[in-house]
$ cat model_25.pdb   # PDB, C-alpha atoms, pLDDT in the B column
ATOM      1  CA  MET A   1      40.593 -11.583  50.333  1.00 56.00           C
ATOM      2  CA  LYS A   2      39.007 -13.134  53.430  1.00 48.00           C
ATOM      3  CA  LYS A   3      35.583 -12.928  51.786  1.00 45.00           C
ATOM      4  CA  ILE A   4      36.886 -14.650  48.668  1.00 46.00           C
ATOM      5  CA  ILE A   5      38.458 -17.435  50.718  1.00 44.00           C
ATOM      6  CA  ALA A   6      35.256 -17.854  52.726  1.00 46.00           C
ATOM      7  CA  PHE A   7      33.233 -18.012  49.499  1.00 42.00           C
ATOM      8  CA  LEU A   8      35.530 -20.657  47.985  1.00 39.00           C
ATOM      9  CA  LEU A   9      35.401 -22.712  51.183  1.00 38.00           C
ATOM     10  CA  CYS A  10      31.612 -22.518  51.116  1.00 46.00           C
ATOM     11  CA  ILE A  11      31.529 -23.835  47.551  1.00 39.00           C
ATOM     12  CA  LEU A  12      33.933 -26.633  48.456  1.00 39.00           C
ATOM     13  CA  LEU A  13      31.925 -27.645  51.500  1.00 38.00           C
ATOM     14  CA  CYS A  14      28.679 -27.596  49.520  1.00 43.00           C
ATOM     15  CA  GLY A  15      30.245 -29.887  46.936  1.00 43.00           C
ATOM     16  CA  CYS A  16      31.433 -32.284  49.625  1.00 43.00           C
ATOM     17  CA  ALA A  17      28.043 -32.241  51.295  1.00 41.00           C
ATOM     18  CA  SER A  18      26.398 -33.056  47.976  1.00 69.00           C
ATOM     19  CA  LYS A  19      28.640 -36.085  47.443  1.00 71.00           C
ATOM     20  CA  ILE A  20      28.122 -37.217  51.012  1.00 76.00           C
ATOM     21  CA  ASP A  21      24.361 -36.881  50.529  1.00 85.00           C
ATOM     22  CA  ILE A  22      24.493 -38.986  47.350  1.00 85.00           C
ATOM     23  CA  GLN A  23      26.595 -41.593  49.140  1.00 87.00           C
ATOM     24  CA  ASN A  24      24.148 -41.845  52.026  1.00 89.00           C
ATOM     25  CA  ARG A  25      21.060 -41.928  49.830  1.00 88.00           C
ATOM     26  CA  LEU A  26      22.366 -44.625  47.514  1.00 91.00           C
ATOM     27  CA  ASP A  27      23.903 -46.697  50.297  1.00 89.00           C
ATOM     28  CA  GLU A  28      20.399 -46.871  51.752  1.00 89.00           C
ATOM     29  CA  VAL A  29      18.938 -48.014  48.408  1.00 88.00           C
ATOM     30  CA  PHE A  30      21.501 -50.798  48.095  1.00 86.00           C
ATOM     31  CA  ALA A  31      21.457 -51.819  51.767  1.00 85.00           C
ATOM     32  CA  GLU A  32      19.052 -54.663  50.986  1.00 67.00           C
ATOM     33  CA  ASP A  33      20.630 -55.753  47.707  1.00 62.00           C
ATOM     34  CA  GLY A  34      21.229 -59.287  48.971  1.00 56.00           C
ATOM     35  CA  SER A  35      17.757 -59.863  50.368  1.00 59.00           C
ATOM     36  CA  ALA A  36      15.361 -62.330  48.792  1.00 54.00           C
ATOM     37  CA  ARG A  37      12.008 -61.075  47.503  1.00 66.00           C
ATOM     38  CA  PHE A  38       9.350 -62.474  45.199  1.00 73.00           C
ATOM     39  CA  PHE A  39       8.570 -60.457  42.079  1.00 80.00           C
ATOM     40  CA  ARG A  40       5.642 -61.396  39.847  1.00 85.00           C
ATOM     41  CA  LYS A  41       7.117 -61.083  36.364  1.00 90.00           C
ATOM     42  CA  ASN A  42       5.168 -58.932  33.907  1.00 91.00           C
ATOM     43  CA  ASN A  43       7.567 -58.762  30.932  1.00 91.00           C
ATOM     44  CA  TYR A  44       8.673 -61.715  28.803  1.00 92.00           C
ATOM     45  CA  SER A  45      10.960 -62.223  25.809  1.00 90.00           C
ATOM     46  CA  SER A  46      13.031 -64.950  24.178  1.00 91.00           C
ATOM     47  CA  TYR A  47      15.998 -64.297  26.466  1.00 93.00           C
ATOM     48  CA  ILE A  48      14.690 -62.662  29.640  1.00 94.00           C
ATOM     49  CA  ASP A  49      11.611 -62.616  31.876  1.00 94.00           C
ATOM     50  CA  TYR A  50      11.406 -59.890  34.514  1.00 93.00           C
ATOM     51  CA  TYR A  51       9.282 -57.507  36.585  1.00 93.00           C
ATOM     52  CA  VAL A  52       8.919 -53.777  35.910  1.00 92.00           C
ATOM     53  CA  PRO A  53       7.352 -51.475  38.549  1.00 90.00           C
ATOM     54  CA  SER A  54       3.969 -50.053  37.566  1.00 90.00           C
ATOM     55  CA  ASP A  55       5.197 -46.431  37.521  1.00 91.00           C
ATOM     56  CA  THR A  56       7.956 -47.250  35.014  1.00 92.00           C
ATOM     57  CA  TYR A  57       6.867 -46.941  31.394  1.00 90.00           C
ATOM     58  CA  GLU A  58       8.240 -49.006  28.544  1.00 89.00           C
ATOM     59  CA  THR A  59       9.032 -46.903  25.473  1.00 88.00           C
ATOM     60  CA  LYS A  60      10.904 -49.409  23.310  1.00 86.00           C
ATOM     61  CA  VAL A  61      11.577 -53.141  23.531  1.00 86.00           C
ATOM     62  CA  ASP A  62      13.097 -56.051  21.649  1.00 85.00           C
ATOM     63  CA  THR A  63      14.238 -59.534  22.654  1.00 86.00           C
ATOM     64  CA  LEU A  64      17.467 -58.348  24.290  1.00 87.00           C
ATOM     65  CA  SER A  65      16.847 -54.783  25.430  1.00 87.00           C
ATOM     66  CA  SER A  66      14.246 -52.337  26.677  1.00 90.00           C
ATOM     67  CA  ASN A  67      13.957 -48.574  27.160  1.00 90.00           C
ATOM     68  CA  TYR A  68      12.033 -47.145  30.125  1.00 92.00           C
ATOM     69  CA  GLU A  69      10.995 -43.795  31.542  1.00 91.00           C
ATOM     70  CA  PHE A  70       9.762 -42.705  34.935  1.00 89.00           C
ATOM     71  CA  SER A  71       9.483 -39.174  36.292  1.00 87.00           C
ATOM     72  CA  ASN A  72      12.185 -37.340  34.267  1.00 87.00           C
ATOM     73  CA  ALA A  73      14.548 -40.303  34.217  1.00 90.00           C
ATOM     74  CA  ARG A  74      15.395 -42.664  31.371  1.00 91.00           C
ATOM     75  CA  ILE A  75      16.715 -46.214  31.562  1.00 92.00           C
ATOM     76  CA  VAL A  76      18.120 -48.608  28.967  1.00 91.00           C
ATOM     77  CA  MET A  77      18.366 -52.289  29.962  1.00 92.00           C
ATOM     78  CA  ASN A  78      20.368 -54.808  27.927  1.00 90.00           C
ATOM     79  CA  VAL A  79      20.967 -58.514  28.329  1.00 92.00           C
ATOM     80  CA  ASN A  80      24.742 -58.744  28.841  1.00 90.00           C
ATOM     81  CA  VAL A  81      25.442 -61.064  25.916  1.00 87.00           C
ATOM     82  CA  SER A  82      29.241 -60.800  26.059  1.00 83.00           C
ATOM     83  CA  GLY A  83      29.239 -61.176  29.856  1.00 86.00           C
ATOM     84  CA  ILE A  84      27.132 -64.328  29.713  1.00 88.00           C
ATOM     85  CA  ILE A  85      29.310 -65.884  27.011  1.00 84.00           C
ATOM     86  CA  SER A  86      32.479 -64.926  28.910  1.00 82.00           C
ATOM     87  CA  ALA A  87      31.092 -66.482  32.088  1.00 83.00           C
ATOM     88  CA  LYS A  88      30.458 -69.693  30.181  1.00 82.00           C
ATOM     89  CA  TYR A  89      33.914 -70.045  28.615  1.00 79.00           C
ATOM     90  CA  TYR A  90      36.176 -67.653  30.555  1.00 75.00           C
ATOM     91  CA  PRO A  91      34.765 -67.397  34.095  1.00 71.00           C
ATOM     92  CA  GLU A  92      37.874 -65.663  35.420  1.00 67.00           C
ATOM     93  CA  LYS A  93      37.156 -62.693  33.096  1.00 63.00           C
ATOM     94  CA  VAL A  94      33.458 -62.361  33.797  1.00 57.00           C
ATOM     95  CA  PHE A  95      33.560 -59.022  35.577  1.00 58.00           C
ATOM     96  CA  LEU A  96      36.000 -56.721  33.847  1.00 54.00           C
ATOM     97  CA  ASP A  97      35.663 -52.947  34.050  1.00 55.00           C
ATOM     98  CA  GLU A  98      34.812 -51.569  30.601  1.00 59.00           C
ATOM     99  CA  GLY A  99      36.632 -48.313  31.398  1.00 61.00           C
ATOM    100  CA  VAL A 100      34.708 -46.148  28.939  1.00 69.00           C
ATOM    101  CA  PHE A 101      33.432 -43.401  31.242  1.00 80.00           C
ATOM    102  CA  ASP A 102      35.351 -40.385  32.519  1.00 83.00           C
ATOM    103  CA  SER A 103      36.403 -41.344  36.056  1.00 84.00           C
ATOM    104  CA  SER A 104      36.868 -37.678  37.022  1.00 87.00           C
ATOM    105  CA  ARG A 105      33.066 -37.382  36.934  1.00 88.00           C
ATOM    106  CA  LEU A 106      32.497 -40.416  39.175  1.00 92.00           C
ATOM    107  CA  VAL A 107      30.600 -39.464  42.367  1.00 93.00           C
ATOM    108  CA  TYR A 108      29.436 -42.882  43.579  1.00 94.00           C
ATOM    109  CA  GLU A 109      30.506 -46.479  43.132  1.00 93.00           C
ATOM    110  CA  LYS A 110      29.379 -49.722  44.705  1.00 92.00           C
ATOM    111  CA  THR A 111      30.470 -53.280  44.055  1.00 91.00           C
ATOM    112  CA  SER A 112      28.408 -55.994  45.703  1.00 90.00           C
ATOM    113  CA  GLU A 113      26.043 -58.827  44.775  1.00 89.00           C
ATOM    114  CA  TYR A 114      22.289 -59.293  44.598  1.00 89.00           C
ATOM    115  CA  LEU A 115      20.067 -62.337  44.943  1.00 86.00           C
ATOM    116  CA  ASN A 116      18.149 -62.899  41.709  1.00 85.00           C
ATOM    117  CA  SER A 117      14.844 -64.642  41.076  1.00 82.00           C
ATOM    118  CA  ASN A 118      16.592 -68.007  40.793  1.00 83.00           C
ATOM    119  CA  GLU A 119      18.125 -67.497  44.240  1.00 84.00           C
ATOM    120  CA  GLU A 120      21.608 -67.074  42.751  1.00 87.00           C
ATOM    121  CA  TYR A 121      24.014 -64.433  43.946  1.00 88.00           C
ATOM    122  CA  ASN A 122      25.030 -62.229  41.037  1.00 88.00           C
ATOM    123  CA  PRO A 123      27.958 -59.779  41.474  1.00 89.00           C
ATOM    124  CA  TYR A 124      27.428 -56.257  40.170  1.00 92.00           C
ATOM    125  CA  ARG A 125      29.073 -52.858  39.879  1.00 92.00           C
ATOM    126  CA  TYR A 126      27.048 -49.640  40.113  1.00 94.00           C
ATOM    127  CA  GLN A 127      28.474 -46.242  39.204  1.00 94.00           C
ATOM    128  CA  VAL A 128      27.101 -42.694  39.110  1.00 94.00           C
ATOM    129  CA  TYR A 129      28.697 -39.920  37.051  1.00 92.00           C
ATOM    130  CA  GLU A 130      27.846 -36.232  37.439  1.00 90.00           C
ATOM    131  CA  TYR A 131      27.676 -33.628  34.710  1.00 82.00           C
ATOM    132  CA  GLU A 132      26.479 -30.202  35.854  1.00 78.00           C
ATOM    133  CA  ASP A 133      23.096 -30.985  37.451  1.00 78.00           C
ATOM    134  CA  ARG A 134      22.490 -34.297  35.642  1.00 87.00           C
ATOM    135  CA  TYR A 135      23.641 -37.821  36.398  1.00 91.00           C
ATOM    136  CA  LEU A 136      24.524 -40.870  34.340  1.00 91.00           C
ATOM    137  CA  VAL A 137      24.117 -44.216  36.128  1.00 93.00           C
ATOM    138  CA  TYR A 138      25.723 -47.455  35.015  1.00 93.00           C
ATOM    139  CA  PHE A 139      24.931 -50.947  36.324  1.00 94.00           C
ATOM    140  CA  LEU A 140      26.901 -54.010  35.217  1.00 93.00           C
ATOM    141  CA  SER A 141      26.390 -57.632  36.213  1.00 92.00           C
ATOM    142  CA  ARG A 142      27.065 -60.917  34.441  1.00 89.00           C
ATOM    143  CA  ASP A 143      23.472 -61.021  33.169  1.00 92.00           C
ATOM    144  CA  LEU A 144      22.504 -57.386  32.605  1.00 94.00           C
ATOM    145  CA  VAL A 145      23.757 -53.920  31.712  1.00 92.00           C
ATOM    146  CA  PHE A 146      21.789 -50.775  32.566  1.00 94.00           C
ATOM    147  CA  TYR A 147      22.370 -47.172  31.557  1.00 91.00           C
ATOM    148  CA  GLY A 148      20.322 -44.393  33.095  1.00 91.00           C
ATOM    149  CA  TYR A 149      20.108 -40.622  32.917  1.00 90.00           C
ATOM    150  CA  CYS A 150      18.359 -38.467  35.500  1.00 91.00           C
ATOM    151  CA  ASP A 151      18.212 -35.331  37.628  1.00 90.00           C
ATOM    152  CA  GLY A 152      19.580 -35.425  41.158  1.00 89.00           C
ATOM    153  CA  TYR A 153      16.187 -35.856  42.794  1.00 90.00           C
ATOM    154  CA  ASP A 154      15.585 -39.045  40.767  1.00 92.00           C
ATOM    155  CA  LEU A 155      18.844 -40.775  41.756  1.00 93.00           C
ATOM    156  CA  ASP A 156      17.203 -42.804  44.523  1.00 92.00           C
ATOM    157  CA  GLY A 157      14.311 -43.805  42.282  1.00 93.00           C
ATOM    158  CA  ILE A 158      16.342 -44.803  39.233  1.00 94.00           C
ATOM    159  CA  SER A 159      18.770 -46.786  41.396  1.00 94.00           C
ATOM    160  CA  SER A 160      15.985 -48.616  43.182  1.00 92.00           C
ATOM    161  CA  LYS A 161      14.199 -49.494  39.946  1.00 94.00           C
ATOM    162  CA  ILE A 162      17.358 -50.807  38.281  1.00 94.00           C
ATOM    163  CA  LEU A 163      18.074 -53.003  41.285  1.00 93.00           C
ATOM    164  CA  THR A 164      14.459 -54.246  41.379  1.00 92.00           C
ATOM    165  CA  ILE A 165      14.457 -55.194  37.685  1.00 94.00           C
ATOM    166  CA  ALA A 166      17.847 -56.900  38.005  1.00 93.00           C
ATOM    167  CA  LYS A 167      16.777 -58.929  41.041  1.00 92.00           C
ATOM    168  CA  SER A 168      13.551 -60.008  39.351  1.00 92.00           C
ATOM    169  CA  ALA A 169      15.160 -61.068  36.070  1.00 93.00           C
ATOM    170  CA  ASP A 170      15.376 -64.640  34.851  1.00 93.00           C
ATOM    171  CA  VAL A 171      17.923 -64.498  32.022  1.00 94.00           C
ATOM    172  CA  LYS A 172      17.997 -67.561  29.749  1.00 94.00           C
ATOM    173  CA  ARG A 173      21.764 -67.884  29.590  1.00 93.00           C
ATOM    174  CA  ASP A 174      21.873 -71.182  27.704  1.00 92.00           C
ATOM    175  CA  ASP A 175      19.784 -69.678  24.891  1.00 93.00           C
ATOM    176  CA  VAL A 176      22.037 -66.600  24.753  1.00 90.00           C
ATOM    177  CA  VAL A 177      25.152 -68.769  24.471  1.00 88.00           C
ATOM    178  CA  ALA A 178      23.540 -71.029  21.868  1.00 88.00           C
ATOM    179  CA  ASN A 179      22.347 -68.194  19.636  1.00 86.00           C
ATOM    180  CA  PHE A 180      25.215 -65.700  19.609  1.00 81.00           C
ATOM    181  CA  SER A 181      28.535 -66.127  17.843  1.00 70.00           C
ATOM    182  CA  SER A 182      31.545 -63.839  18.305  1.00 67.00           C
ATOM    183  CA  LYS A 183      30.413 -61.711  15.361  1.00 63.00           C
ATOM    184  CA  ASP A 184      26.935 -61.482  16.821  1.00 68.00           C
ATOM    185  CA  VAL A 185      28.395 -60.208  20.104  1.00 65.00           C
ATOM    186  CA  ILE A 186      30.355 -57.472  18.312  1.00 56.00           C
ATOM    187  CA  ASP A 187      27.270 -56.381  16.369  1.00 64.00           C
ATOM    188  CA  TYR A 188      25.162 -56.439  19.520  1.00 61.00           C
ATOM    189  CA  GLU A 189      27.629 -54.318  21.493  1.00 61.00           C
ATOM    190  CA  LYS A 190      27.496 -51.708  18.719  1.00 58.00           C
ATOM    191  CA  LYS A 191      23.723 -51.743  19.108  1.00 59.00           C
ATOM    192  CA  GLN A 192      24.083 -51.202  22.864  1.00 60.00           C
ATOM    193  CA  VAL A 193      26.050 -48.019  22.242  1.00 55.00           C
ATOM    194  CA  ASN A 194      23.299 -46.771  19.931  1.00 57.00           C
ATOM    195  CA  LEU A 195      20.694 -47.570  22.579  1.00 55.00           C
ATOM    196  CA  PHE A 196      22.767 -45.746  25.175  1.00 59.00           C
ATOM    197  CA  GLU A 197      22.658 -42.624  23.029  1.00 61.00           C
ATOM    198  CA  THR A 198      18.852 -42.707  23.083  1.00 57.00           C
ATOM    199  CA  ILE A 199      18.709 -42.042  26.825  1.00 58.00           C
ATOM    200  CA  MET A 200      20.379 -38.654  26.478  1.00 60.00           C
ATOM    201  CA  PRO A 201      18.142 -35.585  26.159  1.00 57.00           C
ATOM    202  CA  VAL A 202      18.075 -33.529  22.996  1.00 48.00           C
ATOM    203  CA  ASN A 203      20.613 -31.053  24.390  1.00 54.00           C
ATOM    204  CA  GLY A 204      22.792 -33.732  25.992  1.00 57.00           C
ATOM    205  CA  ASN A 205      26.111 -35.021  24.720  1.00 59.00           C
ATOM    206  CA  ILE A 206      27.219 -38.574  25.402  1.00 59.00           C
ATOM    207  CA  ASN A 207      30.844 -37.587  24.798  1.00 63.00           C
ATOM    208  CA  ASP A 208      30.804 -35.481  27.964  1.00 65.00           C
ATOM    209  CA  PHE A 209      30.697 -38.710  29.988  1.00 64.00           C
ATOM    210  CA  LEU A 210      33.146 -40.747  27.924  1.00 62.00           C
ATOM    211  CA  LEU A 211      36.896 -41.010  28.112  1.00 57.00           C
ATOM    212  CA  THR A 212      38.667 -39.172  25.318  1.00 54.00           C
ATOM    213  CA  PRO A 213      41.738 -40.662  23.618  1.00 50.00           C
ATOM    214  CA  GLU A 214      43.885 -38.225  25.635  1.00 55.00           C
ATOM    215  CA  ASP A 215      42.425 -39.568  28.903  1.00 55.00           C
ATOM    216  CA  SER A 216      43.354 -43.167  28.197  1.00 48.00           C
ATOM    217  CA  SER A 217      46.785 -44.709  27.748  1.00 47.00           C
ATOM    218  CA  VAL A 218      48.086 -48.117  26.834  1.00 39.00           C
ATOM    219  CA  GLU A 219      50.619 -49.496  29.283  1.00 41.00           C
TER     220      GLU A 219
END
$ encode --input "model_25.pdb" --output "structure tokens"
Amino acid sequence: MKKIIAFLLCILLCGCASKIDIQNRLDEVFAEDGSARFFRKNNYSSYIDYYVPSDTYETKVDTLSSNYEFSNARIVMNVNVSGIISAKYYPEKVFLDEGVFDSSRLVYEKTSEYLNSNEEYNPYRYQVYEYEDRYLVYFLSRDLVFYGYCDGYDLDGISSKILTIAKSADVKRDDVVANFSSKDVIDYEKKQVNLFETIMPVNGNINDFLLTPEDSSVE
């Protein structure tokens, strides 16, 4: 019995140490999130100009979104169309939690702000969800939404690259507002979900990260 208890305590302590390690590693990545830095933009579209690090490879792109890979990690970046429109007309609702991911798998969360290329402070939320030995990362700001999928050893790298791209981005908000109606926003958000599915590996399952109907309740 003593051996069993010792074994269970060891597992528990290892789990705690892992979460503490993730916390420390990612806190270090985001320690400079408010600092100003010049990024020479190398990607341009109708709605966003931004910088992508040289070791991050673009696999798919359109005017509002891009897919990237580095190491064994995958990233999807989207212009936050609904967030930009909400900020224009309903500023008090600009930063609502979407509440679509299973909070029981949440291992890291940070809410802060970063200084973008236009020297504006942009609030953001960053979350990391764990499933076995893989991690889903989620970044939300008024201008941008990122989804990422990676192994544990790539958590620092994927987090740093998302923050770098976000800080470098010049999002053309007036053009987004002018060119998207309510119907367009609904259609675009459906497209975002489809893009999100593309970051998962062949043997992955997006539903493992999402809330099920039983998990959510209407108050």
$ closest_residue --input "model_25.pdb" --among "A:Ala178, A:Met77, A:Val171, A:Leu155" --to "Ser46 (chain A)" --atoms "all atoms listed in the file"
A:Val171
$ residues_around --input "model_25.pdb" --residues "Arg105 (chain A)" --least-positions-apart "2" --cutoff "6 Å" --atoms "all atoms listed in the file" --output "PyMOL selection string"
chain A and resi 102-103+129-130
$ closest_residue --input "model_25.pdb" --among "A:Asp151, A:Ile22, A:Val29, A:Phe38" --to "Glu132 (chain A)" --atoms "all atoms listed in the file"
A:Asp151
$ resolve_selection --input "model_25.pdb" --expression "the PyMOL selection byres ((chain A and resi 75) around 9)" --output "number ranges by chain"
A: 66-70, 73-74, 76-77, 137, 146-150, 158, 162, 196, 199
$ closest_residue --input "model_25.pdb" --among "A:Ser117, A:Asn122, A:Ser160, A:Ser86" --to "Ser181 (chain A)" --atoms "only C-alpha atoms"
A:Ser86
$ closest_residue --input "model_25.pdb" --among "A:Ile84, A:Leu115, A:Leu26, A:Val177" --to "Ile165 (chain A)" --atoms "all atoms listed in the file"
A:Leu115
$ residues_around --input "model_25.pdb" --residues "region 47-61 of chain A" --least-positions-apart "6" --cutoff "8 Å" --atoms "all atoms listed in the file" --output "PDB file with C-alpha atoms, in the frame of the given file"
ATOM      1  CA  PHE A  39       8.570 -60.457  42.079  1.00 80.00           C
ATOM      2  CA  ARG A  40       5.642 -61.396  39.847  1.00 85.00           C
ATOM      3  CA  LYS A  41       7.117 -61.083  36.364  1.00 90.00           C
ATOM      4  CA  ASN A  67      13.957 -48.574  27.160  1.00 90.00           C
ATOM      5  CA  TYR A  68      12.033 -47.145  30.125  1.00 92.00           C
ATOM      6  CA  GLU A  69      10.995 -43.795  31.542  1.00 91.00           C
ATOM      7  CA  PHE A  70       9.762 -42.705  34.935  1.00 89.00           C
ATOM      8  CA  VAL A  79      20.967 -58.514  28.329  1.00 92.00           C
ATOM      9  CA  LYS A 161      14.199 -49.494  39.946  1.00 94.00           C
ATOM     10  CA  THR A 164      14.459 -54.246  41.379  1.00 92.00           C
ATOM     11  CA  ILE A 165      14.457 -55.194  37.685  1.00 94.00           C
ATOM     12  CA  ALA A 166      17.847 -56.900  38.005  1.00 93.00           C
ATOM     13  CA  SER A 168      13.551 -60.008  39.351  1.00 92.00           C
ATOM     14  CA  ALA A 169      15.160 -61.068  36.070  1.00 93.00           C
ATOM     15  CA  ASP A 170      15.376 -64.640  34.851  1.00 93.00           C
ATOM     16  CA  VAL A 171      17.923 -64.498  32.022  1.00 94.00           C
ATOM     17  CA  LYS A 172      17.997 -67.561  29.749  1.00 94.00           C
ATOM     18  CA  ARG A 173      21.764 -67.884  29.590  1.00 93.00           C
ATOM     19  CA  ASP A 175      19.784 -69.678  24.891  1.00 93.00           C
ATOM     20  CA  VAL A 176      22.037 -66.600  24.753  1.00 90.00           C
TER      21      VAL A 176
END
$ closest_residue --input "model_25.pdb" --among "A:Pro91, A:Asn78, A:Phe180, A:Tyr124" --to "Leu144 (chain A)" --atoms "only C-alpha atoms"
A:Asn78
